[in-house]
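K.L.:
Take a look at the following structure, please.
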Amino acid sequence: MSRALQSDEELVELDAEAVRSWCARALDALGREREAIDAINVYPVADGDTGTNLYLTAEAAHDAVEAVFAVSAPDTAETVRAMAHGALLGARGNSGTILAQLLRGMAAVLAEGRDGDHLARALAEAAAAARQAVAHPVEGTVLTVASAAADRCAGGGTLAEVATRAHDGARTALEATPGLLDVLGRAGVVDAGGRGLVAVLGALLETVTGRAPDLAGTAGDEEARARVADGGAHNGLATAGGGVTTALDGVRLLGDPRAVPADGTCHGEAGPAYEVIYLLEAEDAAVELLRGRLDALGDSLVVVGGDGLWNVHVHVDDAGAAVEAGVEAGRPHRIRITHFAADAAATAPGRGERAQRAVVAVVPGEGLAGLCAEAGATTVRSRPGEPPAGEELVEAIRRAHAREVVLLPNDTELRQTAAAAAERARAEGIRVALIPTRAAVQGIAALAVHEPDRRFDEDVVAMTAAAGATRYAELAVAERQSFTSAGVCQAGDILGLIEGDVAVIGKDLTETARTVLDRMLSAGGELVTLVVADDTPPGLASDLERHVRRGYLAVDTTTYHAGAGAPPLLIGVE
């Protein structure tokens, strides 16, 4: 698709390729800024994750756009809708949820037109939509920065003029946030979410003009990152009367963000204990009732989305009540519950001496997560249709707090993501070995032979050999009619996948599982591992164990319960 350019290489229209470039640049900018933004995160909760949440949300938007380009040549409307939908599905935390609504608001207007006037309107719609999504808007936050960006370019103009004025307006508003929100003023920092939005608008400006935003204070920003790397993400960024200059003109980071008292303006020990996030399929009327219920349960309520799909974020003391409210409103899924105190303890700097070696494993289901944790692994949950992002894997490697880490992705689709995460961790001085496990049963086999007292290379070889000697299968339910390597399946059919390929199509889960087992054991085997999800028929595991005992006398069987959120059945044969 050709791109509309002026003679000086400035874009005059925001076409599909330009939106794609914007998403990539925004992700890159937030990746560079992530640690510095995390370090100044004091509102609404001083939990040091705003930069990470913004990055993960932008990553979801970027991946959704790339997925559209992988199968077609989309127009601008398709691209901005994919961007907004991806952000909605992948929104993390308070800041990421608001960013998703900002992108959704922009997409609604940019789908209609691509010039500077439409961009100005899109920014105004985004700012209004974000404020409407927040139960109790507060000035001095990303909402203020978004409104200022929109106000600065309200008169429209060329695409470059609008992008420039929006970025300038956002930067000016960001510098003023400490004077608008007491908690920021006491900590001596600008708003973390607002700083992330400035980075996103800077990426837009660079996309439109071809020139990177003129940012000052890079050396100070590197100093802040160096302090973060030394374990001082929330301690000693600067002392009173000193200051660390950020990459934004005139903005200074002063004081210790973690020294903010928990007096109601910022969560401390007196604030809600849990962050609850979930996607919700529900009608508009039900969502309005849900807002009222959740507002009464806690604070930091943000509900974004529309057209039947919503992303709900709230801080509460009763996480179960927040989820139950979603069940009454519609169908909640991809539920995430974070205990602030536990999360802070897991990521706090100064946790003592690093362990020599650790294992990080991606697992489906709560039961498997518990099993692997008991075996000493740091786990990352993988939910149906929602594989973990690269940043989640990097954070898990850091959380393992070890000099040497063995990474088990346990999913073919995660190979590239895991490889990139390993490279990033190595750049931080952590020795990482990636074992390309393709299924959870291979990860279980690898973990079973893990010996931390062995030499690192020997341990990795032994774990790799155990994983490679394990053939794997999975039973799934077909969502729609489709052509497979085993023939045509209909919606609701049971699919038996062996080594990733559909080998059996059946109507009954137990019978299909028996057939899959027989095919796998026909090539030999000594140990069968069954991983059973919560929602499978009662007696499935015992039935399959009897089947193996009767037909294969020399084969042992081990059964694990995956809990909720896992495929119906995973099978491993060693």
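Labeling convention for the structure tokens: chains A, B, ... as they appear, residues from 1 per chain, ligands from 1 in order of appearance.
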Could you produce a table of the residues of stretch 419-528 of chain A lying within 10 Å of stretch 543-547 of chain A, with the nearest pair of atoms per residue and their separation in Å rounded to one decimal, using only C-alpha atoms, ordered by chain and increasing residue number, as a Markdown table?

P.N.:
| residue | atom | partner | partner_atom | distance |
| --- | --- | --- | --- | --- |
| A:Thr510 | CA | A:Leu544 | CA | 7.7 |
| A:Glu511 | CA | A:Leu544 | CA | 9.3 |
| A:Ala513 | CA | A:Leu544 | CA | 7.7 |
| A:Arg514 | CA | A:Leu544 | CA | 6.7 |
| A:Leu517 | CA | A:Leu544 | CA | 8.5 |
| A:Asp518 | CA | A:His547 | CA | 9.3 |
| A:Val528 | CA | A:Glu545 | CA | 8.9 |

K.L.:
Store the residues picked out above, limited to all heavy atoms, as a PDB file, in the first residue's frame.

P.N.:
ATOM      1  N   THR A 510     -13.696 -39.623  26.380  1.00  0.00           N
ATOM      2  CA  THR A 510     -13.017 -40.804  26.901  1.00  0.00           C
ATOM      3  C   THR A 510     -12.619 -41.748  25.774  1.00  0.00           C
ATOM      4  O   THR A 510     -11.489 -42.260  25.734  1.00  0.00           O
ATOM      5  CB  THR A 510     -13.909 -41.535  27.910  1.00  0.00           C
ATOM      6  OG1 THR A 510     -14.272 -40.625  28.964  1.00  0.00           O
ATOM      7  CG2 THR A 510     -13.206 -42.732  28.501  1.00  0.00           C
ATOM      8  N   GLU A 511     -13.538 -41.999  24.852  1.00  0.00           N
ATOM      9  CA  GLU A 511     -13.243 -42.910  23.750  1.00  0.00           C
ATOM     10  C   GLU A 511     -12.145 -42.355  22.848  1.00  0.00           C
ATOM     11  O   GLU A 511     -11.254 -43.092  22.403  1.00  0.00           O
ATOM     12  CB  GLU A 511     -14.519 -43.152  22.930  1.00  0.00           C
ATOM     13  CG  GLU A 511     -14.380 -44.248  21.879  1.00  0.00           C
ATOM     14  CD  GLU A 511     -13.967 -45.600  22.477  1.00  0.00           C
ATOM     15  OE1 GLU A 511     -14.474 -45.954  23.563  1.00  0.00           O
ATOM     16  OE2 GLU A 511     -13.119 -46.280  21.858  1.00  0.00           O
ATOM     17  N   ALA A 513      -9.804 -40.350  23.779  1.00  0.00           N
ATOM     18  CA  ALA A 513      -8.553 -40.433  24.539  1.00  0.00           C
ATOM     19  C   ALA A 513      -7.958 -41.830  24.464  1.00  0.00           C
ATOM     20  O   ALA A 513      -6.738 -41.994  24.328  1.00  0.00           O
ATOM     21  CB  ALA A 513      -8.793 -40.027  25.988  1.00  0.00           C
ATOM     22  N   ARG A 514      -8.820 -42.856  24.548  1.00  0.00           N
ATOM     23  CA  ARG A 514      -8.320 -44.230  24.437  1.00  0.00           C
ATOM     24  C   ARG A 514      -7.658 -44.463  23.075  1.00  0.00           C
ATOM     25  O   ARG A 514      -6.594 -45.085  22.985  1.00  0.00           O
ATOM     26  CB  ARG A 514      -9.466 -45.231  24.618  1.00  0.00           C
ATOM     27  CG  ARG A 514     -10.049 -45.299  26.014  1.00  0.00           C
ATOM     28  CD  ARG A 514     -10.923 -46.543  26.137  1.00  0.00           C
ATOM     29  NE  ARG A 514     -11.823 -46.486  27.269  1.00  0.00           N
ATOM     30  CZ  ARG A 514     -13.129 -46.252  27.190  1.00  0.00           C
ATOM     31  NH1 ARG A 514     -13.699 -46.090  26.010  1.00  0.00           N
ATOM     32  NH2 ARG A 514     -13.865 -46.209  28.278  1.00  0.00           N
ATOM     33  N   LEU A 517      -4.273 -42.771  22.982  1.00  0.00           N
ATOM     34  CA  LEU A 517      -3.313 -43.537  23.772  1.00  0.00           C
ATOM     35  C   LEU A 517      -2.823 -44.765  23.008  1.00  0.00           C
ATOM     36  O   LEU A 517      -1.615 -45.075  22.990  1.00  0.00           O
ATOM     37  CB  LEU A 517      -3.943 -43.972  25.090  1.00  0.00           C
ATOM     38  CG  LEU A 517      -3.807 -43.008  26.272  1.00  0.00           C
ATOM     39  CD1 LEU A 517      -4.676 -43.481  27.431  1.00  0.00           C
ATOM     40  CD2 LEU A 517      -2.345 -42.895  26.711  1.00  0.00           C
ATOM     41  N   ASP A 518      -3.760 -45.477  22.397  1.00  0.00           N
ATOM     42  CA  ASP A 518      -3.373 -46.677  21.653  1.00  0.00           C
ATOM     43  C   ASP A 518      -2.407 -46.347  20.519  1.00  0.00           C
ATOM     44  O   ASP A 518      -1.431 -47.064  20.281  1.00  0.00           O
ATOM     45  CB  ASP A 518      -4.613 -47.367  21.090  1.00  0.00           C
ATOM     46  CG  ASP A 518      -5.440 -48.044  22.181  1.00  0.00           C
ATOM     47  OD1 ASP A 518      -4.877 -48.297  23.265  1.00  0.00           O
ATOM     48  OD2 ASP A 518      -6.639 -48.287  21.958  1.00  0.00           O
ATOM     49  N   VAL A 528       3.219 -43.340  31.011  1.00  0.00           N
ATOM     50  CA  VAL A 528       2.185 -42.450  30.488  1.00  0.00           C
ATOM     51  C   VAL A 528       1.869 -41.395  31.550  1.00  0.00           C
ATOM     52  O   VAL A 528       1.638 -41.729  32.710  1.00  0.00           O
ATOM     53  CB  VAL A 528       0.901 -43.236  30.121  1.00  0.00           C
ATOM     54  CG1 VAL A 528      -0.249 -42.271  29.821  1.00  0.00           C
ATOM     55  CG2 VAL A 528       1.157 -44.136  28.928  1.00  0.00           C
TER      56      VAL A 528
END

K.L.:
Can you check which residues of stretch 366-529 of chain A DSSP gives as strand (DSSP E or B) on the backbone and send them as a PyMOL selection string?

P.N.:
chain A and resi 377-381+383+386+402-408+431-434+471-477+482-484+487-489+494-498+501-506+527-529

K.L.:
From the set A:Gly188, A:Gly194, A:Gly156, A:Gly305, which residue has the shortest atom-to-atom contact distance to A:Ala108, counting only C-alpha atoms?

P.N.:
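Of A:Gly188, A:Gly194, A:Gly156, A:Gly305, the one nearest A:Ala108, counting only C-alpha atoms, is A:Gly305.
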
K.L.:
A:Glu386: which residues within 9 Å, counting only C-alpha atoms, same-chain residues fewer than 5 positions away excluded, as a list in words?

P.N.:
Leu89, Gly90 and Arg334 of chain A

K.L.:
Using DSSP on the backbone coordinates, identify the residues of stretch 375-488 of chain A assigned to alpha helix (DSSP H); present them as JSON, numbers by chain.

P.N.:
{"A": [390, 391, 392, 393, 394, 395, 396, 397, 398, 399, 400, 415, 416, 417, 418, 419, 420, 421, 422, 423, 424, 425, 426, 427, 440, 441, 442, 443, 444, 445, 446, 447, 448, 456, 457, 458, 459, 460, 461, 462, 463, 464, 465, 466, 467, 468]}

K.L.:
Mind dumping the selected residues with N, CA and C atoms as a compact mmCIF listing (two decimals), in the first residue's frame?

P.N.:
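Just written: out19.txt:
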# COMPACT_ATOMS: atom_id res chain seq x y z
N GLY A 390 6.16 -11.67 26.02
CA GLY A 390 7.59 -11.74 26.28
C GLY A 390 7.99 -11.07 27.58
N GLU A 391 7.36 -9.92 27.87
CA GLU A 391 7.70 -9.20 29.09
C GLU A 391 7.35 -10.01 30.34
N GLU A 392 6.27 -10.81 30.26
CA GLU A 392 5.91 -11.66 31.40
C GLU A 392 7.00 -12.71 31.65
N LEU A 393 7.56 -13.25 30.58
CA LEU A 393 8.62 -14.24 30.75
C LEU A 393 9.88 -13.61 31.34
N VAL A 394 10.20 -12.40 30.86
CA VAL A 394 11.37 -11.71 31.41
C VAL A 394 11.17 -11.42 32.90
N GLU A 395 9.96 -10.95 33.26
CA GLU A 395 9.68 -10.66 34.66
C GLU A 395 9.76 -11.93 35.51
N ALA A 396 9.32 -13.06 34.97
CA ALA A 396 9.40 -14.32 35.72
C ALA A 396 10.85 -14.73 35.94
N ILE A 397 11.68 -14.52 34.92
CA ILE A 397 13.10 -14.85 35.07
C ILE A 397 13.72 -13.97 36.16
N ARG A 398 13.36 -12.70 36.15
CA ARG A 398 13.88 -11.81 37.21
C ARG A 398 13.35 -12.26 38.58
N ARG A 399 12.08 -12.63 38.63
CA ARG A 399 11.45 -13.01 39.90
C ARG A 399 12.09 -14.28 40.47
N ALA A 400 12.61 -15.13 39.59
CA ALA A 400 13.26 -16.36 40.07
C ALA A 400 14.51 -16.04 40.89
N ARG A 415 8.04 -20.42 21.20
CA ARG A 415 9.48 -20.59 21.00
C ARG A 415 10.17 -19.25 20.76
N GLN A 416 9.66 -18.45 19.83
CA GLN A 416 10.31 -17.18 19.50
C GLN A 416 10.21 -16.18 20.64
N THR A 417 9.03 -16.14 21.27
CA THR A 417 8.85 -15.22 22.40
C THR A 417 9.80 -15.57 23.53
N ALA A 418 9.92 -16.87 23.81
CA ALA A 418 10.81 -17.31 24.88
C ALA A 418 12.27 -17.02 24.53
N ALA A 419 12.64 -17.20 23.28
CA ALA A 419 14.02 -16.93 22.86
C ALA A 419 14.36 -15.45 23.05
N ALA A 420 13.42 -14.59 22.69
CA ALA A 420 13.66 -13.15 22.87
C ALA A 420 13.76 -12.79 24.35
N ALA A 421 12.90 -13.41 25.17
CA ALA A 421 12.95 -13.15 26.61
C ALA A 421 14.29 -13.61 27.20
N ALA A 422 14.76 -14.76 26.75
CA ALA A 422 16.04 -15.26 27.23
C ALA A 422 17.18 -14.31 26.87
N GLU A 423 17.14 -13.77 25.66
CA GLU A 423 18.19 -12.83 25.24
C GLU A 423 18.17 -11.58 26.11
N ARG A 424 16.98 -11.08 26.41
CA ARG A 424 16.88 -9.88 27.25
C ARG A 424 17.42 -10.16 28.65
N ALA A 425 17.12 -11.33 29.19
CA ALA A 425 17.61 -11.68 30.52
C ALA A 425 19.13 -11.84 30.51
N ARG A 426 19.66 -12.41 29.44
CA ARG A 426 21.11 -12.56 29.34
C ARG A 426 21.80 -11.20 29.32
N ALA A 427 21.14 -10.22 28.68
CA ALA A 427 21.70 -8.87 28.64
C ALA A 427 21.76 -8.25 30.03
N ALA A 440 3.22 -29.10 28.01
CA ALA A 440 3.41 -29.12 29.46
C ALA A 440 3.96 -30.47 29.93
N VAL A 441 3.57 -31.57 29.28
CA VAL A 441 4.06 -32.89 29.72
C VAL A 441 5.56 -33.02 29.49
N GLN A 442 6.08 -32.35 28.46
CA GLN A 442 7.52 -32.35 28.26
C GLN A 442 8.20 -31.53 29.36
N GLY A 443 7.57 -30.44 29.77
CA GLY A 443 8.11 -29.65 30.86
C GLY A 443 8.12 -30.41 32.17
N ILE A 444 7.07 -31.19 32.42
CA ILE A 444 7.02 -32.02 33.63
C ILE A 444 8.16 -33.04 33.62
N ALA A 445 8.39 -33.65 32.46
CA ALA A 445 9.47 -34.64 32.34
C ALA A 445 10.83 -34.00 32.59
N ALA A 446 11.01 -32.79 32.05
CA ALA A 446 12.28 -32.09 32.25
C ALA A 446 12.47 -31.71 33.71
N LEU A 447 11.41 -31.23 34.34
CA LEU A 447 11.50 -30.81 35.73
C LEU A 447 11.77 -32.00 36.65
N ALA A 448 11.28 -33.17 36.27
CA ALA A 448 11.45 -34.37 37.10
C ALA A 448 12.91 -34.78 37.22
N PHE A 456 25.64 -26.75 35.49
CA PHE A 456 24.55 -26.16 34.70
C PHE A 456 24.38 -26.88 33.36
N ASP A 457 25.47 -27.03 32.63
CA ASP A 457 25.38 -27.65 31.31
C ASP A 457 24.87 -29.10 31.41
N GLU A 458 25.32 -29.82 32.41
CA GLU A 458 24.87 -31.20 32.58
C GLU A 458 23.39 -31.25 32.91
N ASP A 459 22.94 -30.33 33.75
CA ASP A 459 21.52 -30.28 34.11
C ASP A 459 20.67 -29.98 32.88
N VAL A 460 21.10 -29.03 32.08
CA VAL A 460 20.35 -28.66 30.88
C VAL A 460 20.29 -29.84 29.90
N VAL A 461 21.40 -30.55 29.74
CA VAL A 461 21.41 -31.71 28.83
C VAL A 461 20.45 -32.78 29.30
N ALA A 462 20.47 -33.07 30.61
CA ALA A 462 19.59 -34.10 31.15
C ALA A 462 18.12 -33.70 31.00
N MET A 463 17.80 -32.44 31.27
CA MET A 463 16.42 -31.98 31.14
C MET A 463 15.97 -31.98 29.69
N THR A 464 16.87 -31.59 28.79
CA THR A 464 16.54 -31.58 27.37
C THR A 464 16.28 -33.01 26.86
N ALA A 465 17.10 -33.95 27.32
CA ALA A 465 16.92 -35.34 26.90
C ALA A 465 15.59 -35.90 27.40
N ALA A 466 15.24 -35.58 28.64
CA ALA A 466 13.98 -36.07 29.19
C ALA A 466 12.79 -35.49 28.43
N ALA A 467 12.87 -34.21 28.11
CA ALA A 467 11.78 -33.58 27.35
C ALA A 467 11.68 -34.18 25.95
N GLY A 468 12.83 -34.36 25.31
CA GLY A 468 12.83 -34.88 23.94
C GLY A 468 12.35 -36.31 23.85

K.L.:
What's around A:Ala87 at 7 Å? Count only C-alpha atoms, leave out sequence neighbours fewer than 4 positions away in its own chain, and write the answer as a PyMOL selection string.

P.N.:
chain A and resi 57-58+60-61+83+91+100

K.L.:
Taking only C-alpha atoms into account, which of A:Ala36, A:Val359, A:Ala389, A:Cys372 comes nearest A:His401?

P.N.:
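The closest residue to A:His401 is A:Val359.
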
K.L.:
Mind checking which residues fall within 6 Å of A:Arg403, counting only C-alpha atoms, ignoring those fewer than 6 positions away in the same chain, and posting them as a list in words?

P.N.:
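My list of contacting residues is Gln356, Arg357 and Ile430 of chain A.
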
K.L.:
Restricting it to all heavy atoms, dump the selection as a short mmCIF file (atom, residue, chain, number, x, y, z; two decimals), in the first residue's frame.

P.N.:
data_model
loop_
_atom_site.label_atom_id
_atom_site.label_comp_id
_atom_site.auth_asym_id
_atom_site.auth_seq_id
_atom_site.Cartn_x
_atom_site.Cartn_y
_atom_site.Cartn_z
N GLN A 356 21.58 -20.02 43.06
CA GLN A 356 22.47 -20.37 41.99
C GLN A 356 21.69 -20.71 40.72
O GLN A 356 22.08 -20.31 39.62
CB GLN A 356 23.34 -21.57 42.38
CG GLN A 356 24.33 -22.00 41.31
CD GLN A 356 25.31 -20.89 40.93
OE1 GLN A 356 25.71 -20.10 41.78
NE2 GLN A 356 25.69 -20.83 39.65
N ARG A 357 20.58 -21.46 40.89
CA ARG A 357 19.85 -21.92 39.70
C ARG A 357 18.36 -21.98 39.98
O ARG A 357 17.94 -22.26 41.10
CB ARG A 357 20.34 -23.29 39.24
CG ARG A 357 19.79 -23.75 37.87
CD ARG A 357 20.43 -25.06 37.48
NE ARG A 357 21.89 -24.96 37.59
CZ ARG A 357 22.69 -26.00 37.76
NH1 ARG A 357 22.19 -27.22 37.83
NH2 ARG A 357 24.00 -25.82 37.86
N ILE A 430 22.04 -12.53 33.48
CA ILE A 430 21.52 -13.82 33.95
C ILE A 430 21.85 -14.88 32.90
O ILE A 430 21.60 -14.69 31.71
CB ILE A 430 20.00 -13.76 34.18
CG1 ILE A 430 19.65 -12.62 35.15
CG2 ILE A 430 19.48 -15.09 34.72
CD1 ILE A 430 18.16 -12.36 35.26
#

K.L.:
Quick one: everything within 9 Å of stretch 196-205 of chain A, counting only C-alpha atoms, minus sequence neighbours fewer than 3 positions away in the same chain. Send it as an MDAnalysis selection string.

P.N.:
chainID A and resid 18:19 21:30 33:34 37 50:51 54:55 95 99 142 145:146 149 160 162:164 166:168 170:171 174 191:193 208:213

K.L.:
Please provide the set of residues having any atom within 6 Å of stretch 132-140 of chain A, restricted to only C-alpha atoms, with same-chain residues fewer than 2 positions apart removed, written as a PyMOL selection string.

P.N.:
chain A and resi 129-130+144+177+180-181+301-304

K.L.:
Using only C-alpha atoms, which of the listed residues (A:Thr141, A:Gly565, A:Gly271, A:Arg165) sits closest to A:Val190?

P.N.:
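Nearest candidate to A:Val190 out of A:Thr141, A:Gly565, A:Gly271, A:Arg165: A:Thr141.
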
K.L.:
Quick one: of A:Ala325, A:Asp318, A:Glu288, A:Ala77, who's nearest to A:Pro272, counting only C-alpha atoms?

P.N.:
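Counting only C-alpha atoms, the residue closest to A:Pro272 is A:Asp318.
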